[in-house]
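One file, target.txt, carrying compact mmCIF, C-alpha atoms:
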```txt
# COMPACT_ATOMS: atom_id res chain seq x y z
CA MET O 1 -19.84 -10.81 -9.17
CA VAL O 2 -16.91 -10.05 -11.48
CA SER O 3 -15.49 -13.22 -13.02
CA PRO O 4 -11.86 -14.27 -12.31
CA VAL O 5 -11.12 -14.04 -16.06
CA THR O 6 -12.16 -10.38 -16.05
CA VAL O 7 -9.98 -9.78 -13.01
CA VAL O 8 -6.92 -11.36 -14.61
CA LYS O 9 -7.39 -9.37 -17.83
CA SER O 10 -7.96 -6.04 -16.08
CA GLU O 11 -5.59 -6.28 -13.11
CA GLY O 12 -2.92 -8.74 -14.26
CA PRO O 13 -0.91 -6.33 -16.43
CA LYS O 14 -0.83 -3.74 -13.62
CA LEU O 15 0.76 -6.34 -11.31
CA VAL O 16 3.61 -7.31 -13.66
CA PRO O 17 6.06 -4.82 -12.07
CA PHE O 18 5.24 -6.27 -8.63
CA PHE O 19 5.99 -9.83 -9.77
CA LYS O 20 9.26 -8.71 -11.40
CA ALA O 21 10.34 -6.82 -8.28
CA THR O 22 9.52 -9.84 -6.11
CA CYS O 23 11.63 -12.05 -8.38
CA VAL O 24 14.51 -9.57 -8.11
CA TYR O 25 14.34 -9.79 -4.31
CA PHE O 26 14.46 -13.60 -4.27
CA VAL O 27 17.10 -13.83 -7.01
CA LEU O 28 19.49 -11.36 -5.36
CA TRP O 29 18.74 -12.73 -1.86
CA LEU O 30 20.94 -10.11 -0.23
CA PRO O 31 22.43 -11.21 3.12
CA THR O 32 20.64 -9.80 6.16
CA SER O 33 23.92 -9.68 8.08
CA SER O 34 25.03 -6.58 6.14
CA PRO O 35 22.08 -4.15 6.01
CA SER O 36 22.33 -1.27 3.56
CA TRP O 37 20.14 1.24 1.77
CA PHE O 38 20.43 -0.93 -1.34
CA SER O 39 19.08 -3.99 0.48
CA ALA O 40 16.30 -1.81 1.93
CA LEU O 41 15.41 -0.64 -1.58
CA ILE O 42 15.31 -4.19 -2.96
CA LYS O 43 13.14 -5.35 -0.06
CA CYS O 44 10.72 -2.43 -0.39
CA LEU O 45 10.57 -2.45 -4.20
CA PRO O 46 7.62 -4.90 -4.48
CA ILE O 47 5.64 -2.71 -2.06
CA PHE O 48 6.51 0.38 -4.12
CA CYS O 49 5.09 -1.47 -7.12
CA LEU O 50 1.85 -2.04 -5.23
CA TRP O 51 1.67 1.73 -4.66
CA VAL O 52 1.92 2.12 -8.43
CA PHE O 53 -0.70 -0.63 -8.90
CA LEU O 54 -3.26 1.33 -6.88
CA LEU O 55 -2.26 4.69 -8.37
CA ALA O 56 -2.69 3.18 -11.85
CA HIS O 57 -6.44 3.03 -11.18
CA GLY O 58 -6.50 6.82 -11.16
CA PHE O 59 -6.66 9.58 -8.59
CA SER O 60 -10.40 9.89 -9.17
CA PHE O 61 -10.80 6.26 -8.10
CA LEU O 62 -8.72 6.80 -4.96
CA GLY O 63 -10.60 10.00 -4.24
CA ALA O 64 -13.96 8.28 -4.50
CA HIS O 65 -13.13 5.24 -2.38
CA SER O 66 -11.75 5.74 1.12
CA SER O 67 -10.96 2.02 1.51
CA ALA O 68 -8.52 2.19 -1.42
CA ARG O 69 -6.85 5.28 0.09
CA LYS O 70 -6.47 3.53 3.45
CA ILE O 71 -4.90 0.48 1.84
CA LEU O 72 -2.50 2.72 -0.08
CA ALA O 73 -1.60 4.46 3.19
CA GLY O 74 -1.11 1.03 4.78
CA LEU O 75 1.29 0.07 2.01
CA ILE O 76 3.27 3.27 2.62
CA PHE O 77 3.65 2.47 6.32
CA SER O 78 4.52 -1.13 5.38
CA ALA O 79 7.43 0.09 3.28
CA LEU O 80 8.66 2.15 6.23
CA GLY O 81 8.34 -0.91 8.43
CA ASP O 82 10.30 -2.99 5.94
CA ALA O 83 13.08 -0.40 5.92
CA PHE O 84 13.30 -0.30 9.72
CA LEU O 85 13.42 -4.10 9.94
CA ILE O 86 16.46 -4.15 7.67
CA TRP O 87 18.28 -2.62 10.66
CA GLN O 88 16.43 -4.52 13.38
CA GLU O 89 19.66 -5.83 14.89
CA GLN O 90 20.78 -2.21 15.27
CA GLY O 91 17.79 -1.45 17.50
CA TYR O 92 15.06 -0.59 14.97
CA PHE O 93 12.83 -3.64 15.47
CA VAL O 94 10.33 -1.69 17.61
CA HIS O 95 10.18 1.07 14.97
CA GLY O 96 9.25 -1.52 12.36
CA LEU O 97 6.69 -3.02 14.74
CA LEU O 98 5.08 0.42 15.14
CA MET O 99 4.90 1.00 11.38
CA PHE O 100 3.18 -2.33 10.82
CA ALA O 101 0.84 -1.71 13.76
CA ILE O 102 -0.33 1.46 11.98
CA THR O 103 -0.66 -0.57 8.78
CA HIS O 104 -3.02 -3.03 10.48
CA ILE O 105 -5.14 -0.19 11.87
CA LEU O 106 -5.46 1.28 8.37
CA TYR O 107 -6.31 -2.08 6.82
CA SER O 108 -8.91 -2.77 9.52
CA SER O 109 -10.54 0.57 8.81
CA ALA O 110 -10.48 -0.18 5.07
CA PHE O 111 -12.23 -3.53 5.56
CA GLY O 112 -14.91 -1.89 7.75
CA MET O 113 -17.11 -3.18 10.55
CA LYS O 114 -19.89 -4.72 8.47
CA PRO O 115 -20.83 -7.51 8.59
CA LEU O 116 -19.86 -8.06 12.23
CA ASN O 117 -19.53 -11.89 11.99
CA VAL O 118 -19.01 -12.67 15.67
CA SER O 119 -18.13 -16.31 15.00
CA ALA O 120 -15.18 -15.25 12.82
CA GLY O 121 -14.10 -12.89 15.57
CA LEU O 122 -14.15 -15.68 18.15
CA ILE O 123 -12.04 -17.94 15.92
CA ILE O 124 -9.46 -15.22 15.28
CA THR O 125 -9.42 -14.37 19.00
CA ALA O 126 -8.69 -18.01 19.83
CA VAL O 127 -5.88 -18.19 17.26
CA SER O 128 -4.41 -14.88 18.49
CA SER O 129 -4.59 -16.00 22.12
CA LEU O 130 -2.86 -19.29 21.36
CA SER O 131 -0.15 -17.42 19.43
CA TYR O 132 0.51 -15.13 22.40
CA MET O 133 0.53 -18.08 24.80
CA LEU O 134 3.20 -19.68 22.62
CA LEU O 135 5.32 -16.53 22.63
CA TYR O 136 4.76 -15.36 26.22
CA PRO O 137 7.34 -17.57 27.98
CA TYR O 138 10.04 -16.19 25.67
CA LEU O 139 9.12 -12.50 26.04
CA SER O 140 10.62 -10.09 28.52
CA GLY O 141 10.62 -6.39 29.28
CA PRO O 142 8.63 -4.10 26.96
CA PHE O 143 8.11 -6.89 24.43
CA THR O 144 5.74 -8.61 26.87
CA TYR O 145 3.08 -5.98 26.21
CA LEU O 146 4.26 -4.67 22.83
CA VAL O 147 3.82 -8.09 21.25
CA ALA O 148 0.42 -8.48 22.97
CA VAL O 149 -0.79 -5.18 21.52
CA TYR O 150 0.56 -6.04 18.09
CA ILE O 151 -1.12 -9.46 18.09
CA GLY O 152 -4.35 -7.75 19.09
CA LEU O 153 -4.10 -5.31 16.19
CA ILE O 154 -3.24 -7.87 13.52
CA GLY O 155 -5.88 -10.20 14.92
CA PHE O 156 -8.47 -7.44 14.66
CA MET O 157 -7.39 -6.79 11.07
CA GLY O 158 -7.69 -10.50 10.32
CA TRP O 159 -11.17 -10.58 11.84
CA ARG O 160 -12.40 -7.68 9.72
CA ALA O 161 -10.99 -9.28 6.56
CA VAL O 162 -12.42 -12.73 7.31
CA ALA O 163 -15.76 -11.28 8.45
CA GLY O 164 -16.36 -9.74 5.04
CA LEU O 165 -16.20 -13.14 3.33
CA GLN O 166 -19.76 -14.49 3.22
CA LEU O 167 -19.65 -17.80 1.40
CA ALA O 168 -23.37 -18.52 1.82
CA ASN O 169 -25.98 -17.25 -0.63
CA ASP O 170 -23.35 -16.16 -3.20
CA LEU O 171 -22.64 -12.98 -1.22
CA TRP O 172 -18.87 -13.33 -1.53
CA THR O 173 -16.76 -11.57 -4.13
CA TRP O 174 -13.27 -12.32 -5.42
CA THR O 175 -11.91 -9.21 -3.70
CA LYS O 176 -13.34 -10.16 -0.30
CA MET O 177 -11.74 -13.56 -0.77
CA SER O 178 -8.52 -11.75 -1.66
CA ALA O 179 -8.67 -9.64 1.52
CA CYS O 180 -9.36 -12.74 3.63
CA LEU O 181 -6.45 -14.75 2.19
CA GLY O 182 -4.16 -11.71 2.38
CA ALA O 183 -4.93 -11.12 6.06
CA VAL O 184 -4.39 -14.79 6.94
CA LEU O 185 -1.04 -14.87 5.09
CA PHE O 186 0.00 -11.65 6.86
CA MET O 187 -0.72 -13.32 10.20
CA VAL O 188 1.31 -16.37 9.17
CA SER O 189 4.23 -14.16 8.10
CA ASP O 190 4.26 -12.16 11.34
CA LEU O 191 3.86 -15.21 13.55
CA THR O 192 6.87 -16.77 11.80
CA ILE O 193 8.86 -13.59 12.47
CA ALA O 194 7.91 -13.67 16.14
CA VAL O 195 8.65 -17.36 16.65
CA ASN O 196 11.97 -17.06 14.82
CA LYS O 197 13.01 -13.95 16.79
CA PHE O 198 11.79 -14.79 20.28
CA CYS O 199 11.38 -18.58 20.50
CA PHE O 200 13.57 -20.73 18.29
CA PRO O 201 15.04 -20.68 14.77
CA VAL O 202 12.47 -21.57 12.12
CA PRO O 203 13.93 -23.51 9.16
CA HIS O 204 13.86 -21.41 5.99
CA SER O 205 12.25 -18.63 8.04
CA ARG O 206 13.23 -15.80 5.72
CA ALA O 207 11.77 -17.50 2.65
CA ILE O 208 8.54 -18.30 4.50
CA ILE O 209 8.26 -14.80 5.96
CA MET O 210 8.86 -12.91 2.72
CA ALA O 211 6.86 -15.21 0.42
CA THR O 212 3.77 -15.03 2.64
CA TYR O 213 4.30 -11.30 3.25
CA TYR O 214 4.52 -10.30 -0.41
CA ALA O 215 1.56 -12.53 -1.29
CA ALA O 216 -0.44 -11.00 1.58
CA GLN O 217 0.27 -7.43 0.50
CA MET O 218 -0.60 -8.18 -3.12
CA LEU O 219 -3.91 -9.80 -2.16
CA ILE O 220 -4.83 -6.92 0.16
CA ALA O 221 -3.95 -4.40 -2.56
CA LEU O 222 -6.18 -6.36 -4.97
CA SER O 223 -9.05 -6.15 -2.50
CA ALA O 224 -9.04 -2.36 -2.88
CA VAL O 225 -10.17 -2.45 -6.52
CA GLU O 226 -13.48 -4.25 -6.03
CA CYS O 227 -15.69 -1.21 -6.38
CA GLN O 228 -14.12 -0.20 -9.68
CA ASP O 229 -14.47 -3.67 -11.18
CA VAL O 230 -18.09 -3.88 -10.06
CA GLU O 231 -18.83 -0.54 -11.70
CA VAL O 232 -17.19 -1.65 -14.95
CA ALA O 233 -19.18 -4.88 -14.91
CA ARG O 234 -22.43 -3.02 -14.35
CA LYS O 235 -21.76 -0.74 -17.30
CA ARG O 236 -21.19 -3.74 -19.56
CA THR O 237 -24.45 -5.44 -18.54
```

Could the structure of this file be written out as structure tokens, please?
Amino acid sequence: MVSPVTVVKSEGPKLVPFFKATCVYFVLWLPTSSPSWFSALIKCLPIFCLWVFLLAHGFSFLGAHSSARKILAGLIFSALGDAFLIWQEQGYFVHGLLMFAITHILYSSAFGMKPLNVSAGLIITAVSSLSYMLLYPYLSGPFTYLVAVYIGLIGFMGWRAVAGLQLANDLWTWTKMSACLGAVLFMVSDLTIAVNKFCFPVPHSRAIIMATYYAAQMLIALSAVECQDVEVARKRT
């Protein structure tokens, strides 16, 4: 297993632009009541930086590892989703929902189906079911089934991320932990969006949504570089 110190030294510098872009977003804190292409750019900028983070590992790395390519594709669809949600009050909420649904499918495929970890799946299913039960009384029209499908997709993604984390027998790695935490934070972010939009106003909802969202995307992007770090470690030993 690659040590956290090695991870910080090798990956930390590549993430500096992401942290700066995230700070810019929170410092400017552009009002959501007046959507514009500039506000869309500022919101998407941290995700653009995560594209660069993965591309910085080289095209040969992306070509050799399909999971990294799928996560990069997921980040691309995430940026599109972010842009659509800037204009959600103008009728583009469903478009953003679709972009993030594709993102979760790509992330699920990147995390893979092994190990199966049925117990993790049952826990995520229970959490997803409770979330939908909370939202259901407030849903109407197409959102009744659109939200159900979306919860199913993000729940599946969460299951595949959590399933890969095997804490027993030292089988876990820092990147599997990263994927697990990232998926959980993504679920927290999206549930906050749903509750705030359909149920009742959540205090400081925007700060909660964006902080957990950016952290989730960073952690999931980090999970894509495991194979490269393992190879580097093997060469040094």

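Among O:Phe53, O:Leu28, O:Val202, O:Ala40, the residue with the shortest atom-to-atom distance to O:Ser10, counting all atoms listed in the file, is O:Phe53.
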
Could you pull the residues within 9 Å of O:Ser109, counting only C-alpha atoms, minus those fewer than 2 positions along the same chain, as a tab-separated table (two decimals) with C-alpha atoms, in the frame of the given file?
```
chain	number	residue	atom	x	y	z
O	67	SER	CA	-10.96	2.02	1.51
O	70	LYS	CA	-6.47	3.53	3.45
O	71	ILE	CA	-4.90	0.48	1.84
O	104	HIS	CA	-3.02	-3.03	10.48
O	105	ILE	CA	-5.14	-0.19	11.87
O	106	LEU	CA	-5.46	1.28	8.37
O	107	TYR	CA	-6.31	-2.08	6.82
O	111	PHE	CA	-12.23	-3.53	5.56
O	112	GLY	CA	-14.91	-1.89	7.75
O	113	MET	CA	-17.11	-3.18	10.55
O	157	MET	CA	-7.39	-6.79	11.07
O	160	ARG	CA	-12.40	-7.68	9.72
```

Find the spatial neighbours of stretch 19-26 of chain O, counting only C-alpha atoms, within a cut-off of 12 Å - ignore same-chain residues fewer than 4 positions away - and output them as a VMD selection string. chain O and resid 12 to 15 30 to 31 38 to 50 53 206 to 208 210 to 215 217 to 218

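Atom CA of O:Pro142 is found 18.4 Å from atom CA of O:Ser129.
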
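Minimum atom-to-atom distances from O:Leu97, O:Ala163, O:Ile151, O:Ala73 to O:Thr125 were compared using all atoms listed in the file, and the lowest value belongs to O:Ile151.
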
State, in Å with one decimal place, the distance from atom CA of O:Tyr136 to atom CA of O:Ala194.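 The value is 10.7 Å.
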
Which residue of O:Gln88, O:Gln166, O:Ser223, O:Ser34 approaches O:Ala120 most closely, using only C-alpha atoms: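 Closest to O:Ala120 of all the choices is O:Gln166.
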
Set up a box along x, y and z of the file covering all listed atoms of stretch 59-62 of chain O, add 8 Å on every one of the six sides, and write the centre and edge lengths in Å to one decimal, as AutoDock Vina command-line options.
```
--center_x -8.7 --center_y 8.1 --center_z -7.1 --size_x 20.1 --size_y 19.6 --size_z 20.2
```

With distances taken over all atoms listed in the file, the candidate from O:Gly91, O:Pro115, O:Gly121, O:Gly63 nearest O:Gly158 is O:Gly121

Pick out the residues sitting within 9 Å of O:Ser178, and hand them over as a ChimeraX atom specification; count all atoms listed in the file, and ignore anything fewer than 4 positions along from it in its own chain. /O:161,173-174,182-183,216,218-223

Take the residues just selected and output them with C-alpha atoms as a compact mmCIF listing (two decimals), keeping the file's coordinate frame.
```txt
# COMPACT_ATOMS: atom_id res chain seq x y z
CA ALA O 161 -10.99 -9.28 6.56
CA THR O 173 -16.76 -11.57 -4.13
CA TRP O 174 -13.27 -12.32 -5.42
CA GLY O 182 -4.16 -11.71 2.38
CA ALA O 183 -4.93 -11.12 6.06
CA ALA O 216 -0.44 -11.00 1.58
CA MET O 218 -0.60 -8.18 -3.12
CA LEU O 219 -3.91 -9.80 -2.16
CA ILE O 220 -4.83 -6.92 0.16
CA ALA O 221 -3.95 -4.40 -2.56
CA LEU O 222 -6.18 -6.36 -4.97
CA SER O 223 -9.05 -6.15 -2.50
```

Separation of atom CA of O:Phe77 from atom CA of O:Ser128, in Å and rounded to one decimal: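 Atom CA of O:Ser128 lies 22.7 Å from atom CA of O:Phe77.
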
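The nearest approach to O:Phe198 among the residues O:Leu139, O:Val52, O:Leu75, O:Leu85, with only C-alpha atoms taken into account, belongs to O:Leu139.
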
Which residue out of O:Leu54, O:Val118, O:Val195, O:Leu80 has the minimum interatomic distance to O:Met99 when all atoms listed in the file are used?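 Once distances to O:Met99 are computed over all atoms listed in the file, the minimum belongs to O:Leu80.
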
Some atoms are missing, so please complete stretch 53-64 of chain O with all heavy atoms and return it as a PDB file, keeping the file's coordinate frame.
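File produced: result_2.pdb:
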```
ATOM      1  N   PHE O  53       0.485   0.145  -8.514  1.00  0.00           N
ATOM      2  CA  PHE O  53      -0.700  -0.630  -8.900  1.00  0.00           C
ATOM      3  C   PHE O  53      -1.987   0.104  -8.521  1.00  0.00           C
ATOM      4  O   PHE O  53      -2.909   0.231  -9.343  1.00  0.00           O
ATOM      5  CB  PHE O  53      -0.654  -2.007  -8.233  1.00  0.00           C
ATOM      6  CG  PHE O  53      -1.952  -2.766  -8.313  1.00  0.00           C
ATOM      7  CD1 PHE O  53      -2.365  -3.340  -9.500  1.00  0.00           C
ATOM      8  CD2 PHE O  53      -2.765  -2.898  -7.189  1.00  0.00           C
ATOM      9  CE1 PHE O  53      -3.570  -4.045  -9.573  1.00  0.00           C
ATOM     10  CE2 PHE O  53      -3.957  -3.596  -7.250  1.00  0.00           C
ATOM     11  CZ  PHE O  53      -4.364  -4.162  -8.441  1.00  0.00           C
ATOM     12  N   LEU O  54      -2.054   0.612  -7.301  1.00  0.00           N
ATOM     13  CA  LEU O  54      -3.260   1.330  -6.880  1.00  0.00           C
ATOM     14  C   LEU O  54      -3.363   2.696  -7.568  1.00  0.00           C
ATOM     15  O   LEU O  54      -4.451   3.100  -7.992  1.00  0.00           O
ATOM     16  CB  LEU O  54      -3.258   1.507  -5.356  1.00  0.00           C
ATOM     17  CG  LEU O  54      -3.521   0.236  -4.543  1.00  0.00           C
ATOM     18  CD1 LEU O  54      -3.470   0.531  -3.050  1.00  0.00           C
ATOM     19  CD2 LEU O  54      -4.861  -0.383  -4.903  1.00  0.00           C
ATOM     20  N   LEU O  55      -2.233   3.373  -7.707  1.00  0.00           N
ATOM     21  CA  LEU O  55      -2.260   4.690  -8.370  1.00  0.00           C
ATOM     22  C   LEU O  55      -2.642   4.562  -9.843  1.00  0.00           C
ATOM     23  O   LEU O  55      -3.201   5.496 -10.422  1.00  0.00           O
ATOM     24  CB  LEU O  55      -0.884   5.365  -8.242  1.00  0.00           C
ATOM     25  CG  LEU O  55      -0.502   5.818  -6.832  1.00  0.00           C
ATOM     26  CD1 LEU O  55       0.957   6.248  -6.782  1.00  0.00           C
ATOM     27  CD2 LEU O  55      -1.413   6.961  -6.369  1.00  0.00           C
ATOM     28  N   ALA O  56      -2.352   3.393 -10.447  1.00  0.00           N
ATOM     29  CA  ALA O  56      -2.690   3.180 -11.850  1.00  0.00           C
ATOM     30  C   ALA O  56      -4.197   3.179 -12.093  1.00  0.00           C
ATOM     31  O   ALA O  56      -4.651   3.337 -13.226  1.00  0.00           O
ATOM     32  CB  ALA O  56      -2.087   1.860 -12.344  1.00  0.00           C
ATOM     33  N   HIS O  57      -4.983   2.997 -11.037  1.00  0.00           N
ATOM     34  CA  HIS O  57      -6.440   3.030 -11.180  1.00  0.00           C
ATOM     35  C   HIS O  57      -6.980   4.456 -11.219  1.00  0.00           C
ATOM     36  O   HIS O  57      -8.181   4.657 -11.429  1.00  0.00           O
ATOM     37  CB  HIS O  57      -7.099   2.252 -10.036  1.00  0.00           C
ATOM     38  CG  HIS O  57      -6.887   0.768 -10.139  1.00  0.00           C
ATOM     39  ND1 HIS O  57      -5.734   0.155  -9.719  1.00  0.00           N
ATOM     40  CD2 HIS O  57      -7.675  -0.218 -10.625  1.00  0.00           C
ATOM     41  CE1 HIS O  57      -5.817  -1.149  -9.950  1.00  0.00           C
ATOM     42  NE2 HIS O  57      -6.980  -1.405 -10.498  1.00  0.00           N
ATOM     43  N   GLY O  58      -6.104   5.424 -11.005  1.00  0.00           N
ATOM     44  CA  GLY O  58      -6.500   6.820 -11.160  1.00  0.00           C
ATOM     45  C   GLY O  58      -6.758   7.515  -9.839  1.00  0.00           C
ATOM     46  O   GLY O  58      -7.228   6.913  -8.877  1.00  0.00           O
ATOM     47  N   PHE O  59      -6.431   8.788  -9.800  1.00  0.00           N
ATOM     48  CA  PHE O  59      -6.660   9.580  -8.590  1.00  0.00           C
ATOM     49  C   PHE O  59      -8.151   9.756  -8.319  1.00  0.00           C
ATOM     50  O   PHE O  59      -8.557   9.901  -7.160  1.00  0.00           O
ATOM     51  CB  PHE O  59      -5.963  10.934  -8.716  1.00  0.00           C
ATOM     52  CG  PHE O  59      -4.463  10.847  -8.636  1.00  0.00           C
ATOM     53  CD1 PHE O  59      -3.684  10.940  -9.774  1.00  0.00           C
ATOM     54  CD2 PHE O  59      -3.829  10.648  -7.411  1.00  0.00           C
ATOM     55  CE1 PHE O  59      -2.304  10.847  -9.707  1.00  0.00           C
ATOM     56  CE2 PHE O  59      -2.450  10.555  -7.324  1.00  0.00           C
ATOM     57  CZ  PHE O  59      -1.681  10.655  -8.478  1.00  0.00           C
ATOM     58  N   SER O  60      -8.954   9.761  -9.369  1.00  0.00           N
ATOM     59  CA  SER O  60     -10.400   9.890  -9.170  1.00  0.00           C
ATOM     60  C   SER O  60     -10.944   8.668  -8.440  1.00  0.00           C
ATOM     61  O   SER O  60     -11.833   8.780  -7.580  1.00  0.00           O
ATOM     62  CB  SER O  60     -11.113  10.075 -10.510  1.00  0.00           C
ATOM     63  OG  SER O  60     -10.857   8.968 -11.365  1.00  0.00           O
ATOM     64  N   PHE O  61     -10.400   7.489  -8.771  1.00  0.00           N
ATOM     65  CA  PHE O  61     -10.800   6.260  -8.100  1.00  0.00           C
ATOM     66  C   PHE O  61     -10.413   6.306  -6.624  1.00  0.00           C
ATOM     67  O   PHE O  61     -11.224   6.005  -5.738  1.00  0.00           O
ATOM     68  CB  PHE O  61     -10.143   5.053  -8.774  1.00  0.00           C
ATOM     69  CG  PHE O  61     -10.270   3.767  -8.002  1.00  0.00           C
ATOM     70  CD1 PHE O  61     -11.482   3.100  -7.941  1.00  0.00           C
ATOM     71  CD2 PHE O  61      -9.184   3.236  -7.326  1.00  0.00           C
ATOM     72  CE1 PHE O  61     -11.605   1.911  -7.220  1.00  0.00           C
ATOM     73  CE2 PHE O  61      -9.296   2.054  -6.613  1.00  0.00           C
ATOM     74  CZ  PHE O  61     -10.511   1.394  -6.552  1.00  0.00           C
ATOM     75  N   LEU O  62      -9.176   6.714  -6.346  1.00  0.00           N
ATOM     76  CA  LEU O  62      -8.720   6.800  -4.960  1.00  0.00           C
ATOM     77  C   LEU O  62      -9.502   7.856  -4.196  1.00  0.00           C
ATOM     78  O   LEU O  62      -9.807   7.682  -3.013  1.00  0.00           O
ATOM     79  CB  LEU O  62      -7.220   7.122  -4.925  1.00  0.00           C
ATOM     80  CG  LEU O  62      -6.281   6.013  -5.403  1.00  0.00           C
ATOM     81  CD1 LEU O  62      -4.857   6.523  -5.500  1.00  0.00           C
ATOM     82  CD2 LEU O  62      -6.346   4.811  -4.469  1.00  0.00           C
ATOM     83  N   GLY O  63      -9.837   8.953  -4.893  1.00  0.00           N
ATOM     84  CA  GLY O  63     -10.600  10.000  -4.240  1.00  0.00           C
ATOM     85  C   GLY O  63     -12.012   9.591  -3.894  1.00  0.00           C
ATOM     86  O   GLY O  63     -12.585  10.047  -2.900  1.00  0.00           O
ATOM     87  N   ALA O  64     -12.562   8.691  -4.696  1.00  0.00           N
ATOM     88  CA  ALA O  64     -13.960   8.280  -4.500  1.00  0.00           C
ATOM     89  C   ALA O  64     -14.098   7.148  -3.502  1.00  0.00           C
ATOM     90  O   ALA O  64     -15.195   6.914  -2.986  1.00  0.00           O
ATOM     91  CB  ALA O  64     -14.569   7.868  -5.841  1.00  0.00           C
TER      92      ALA O  64
END
```
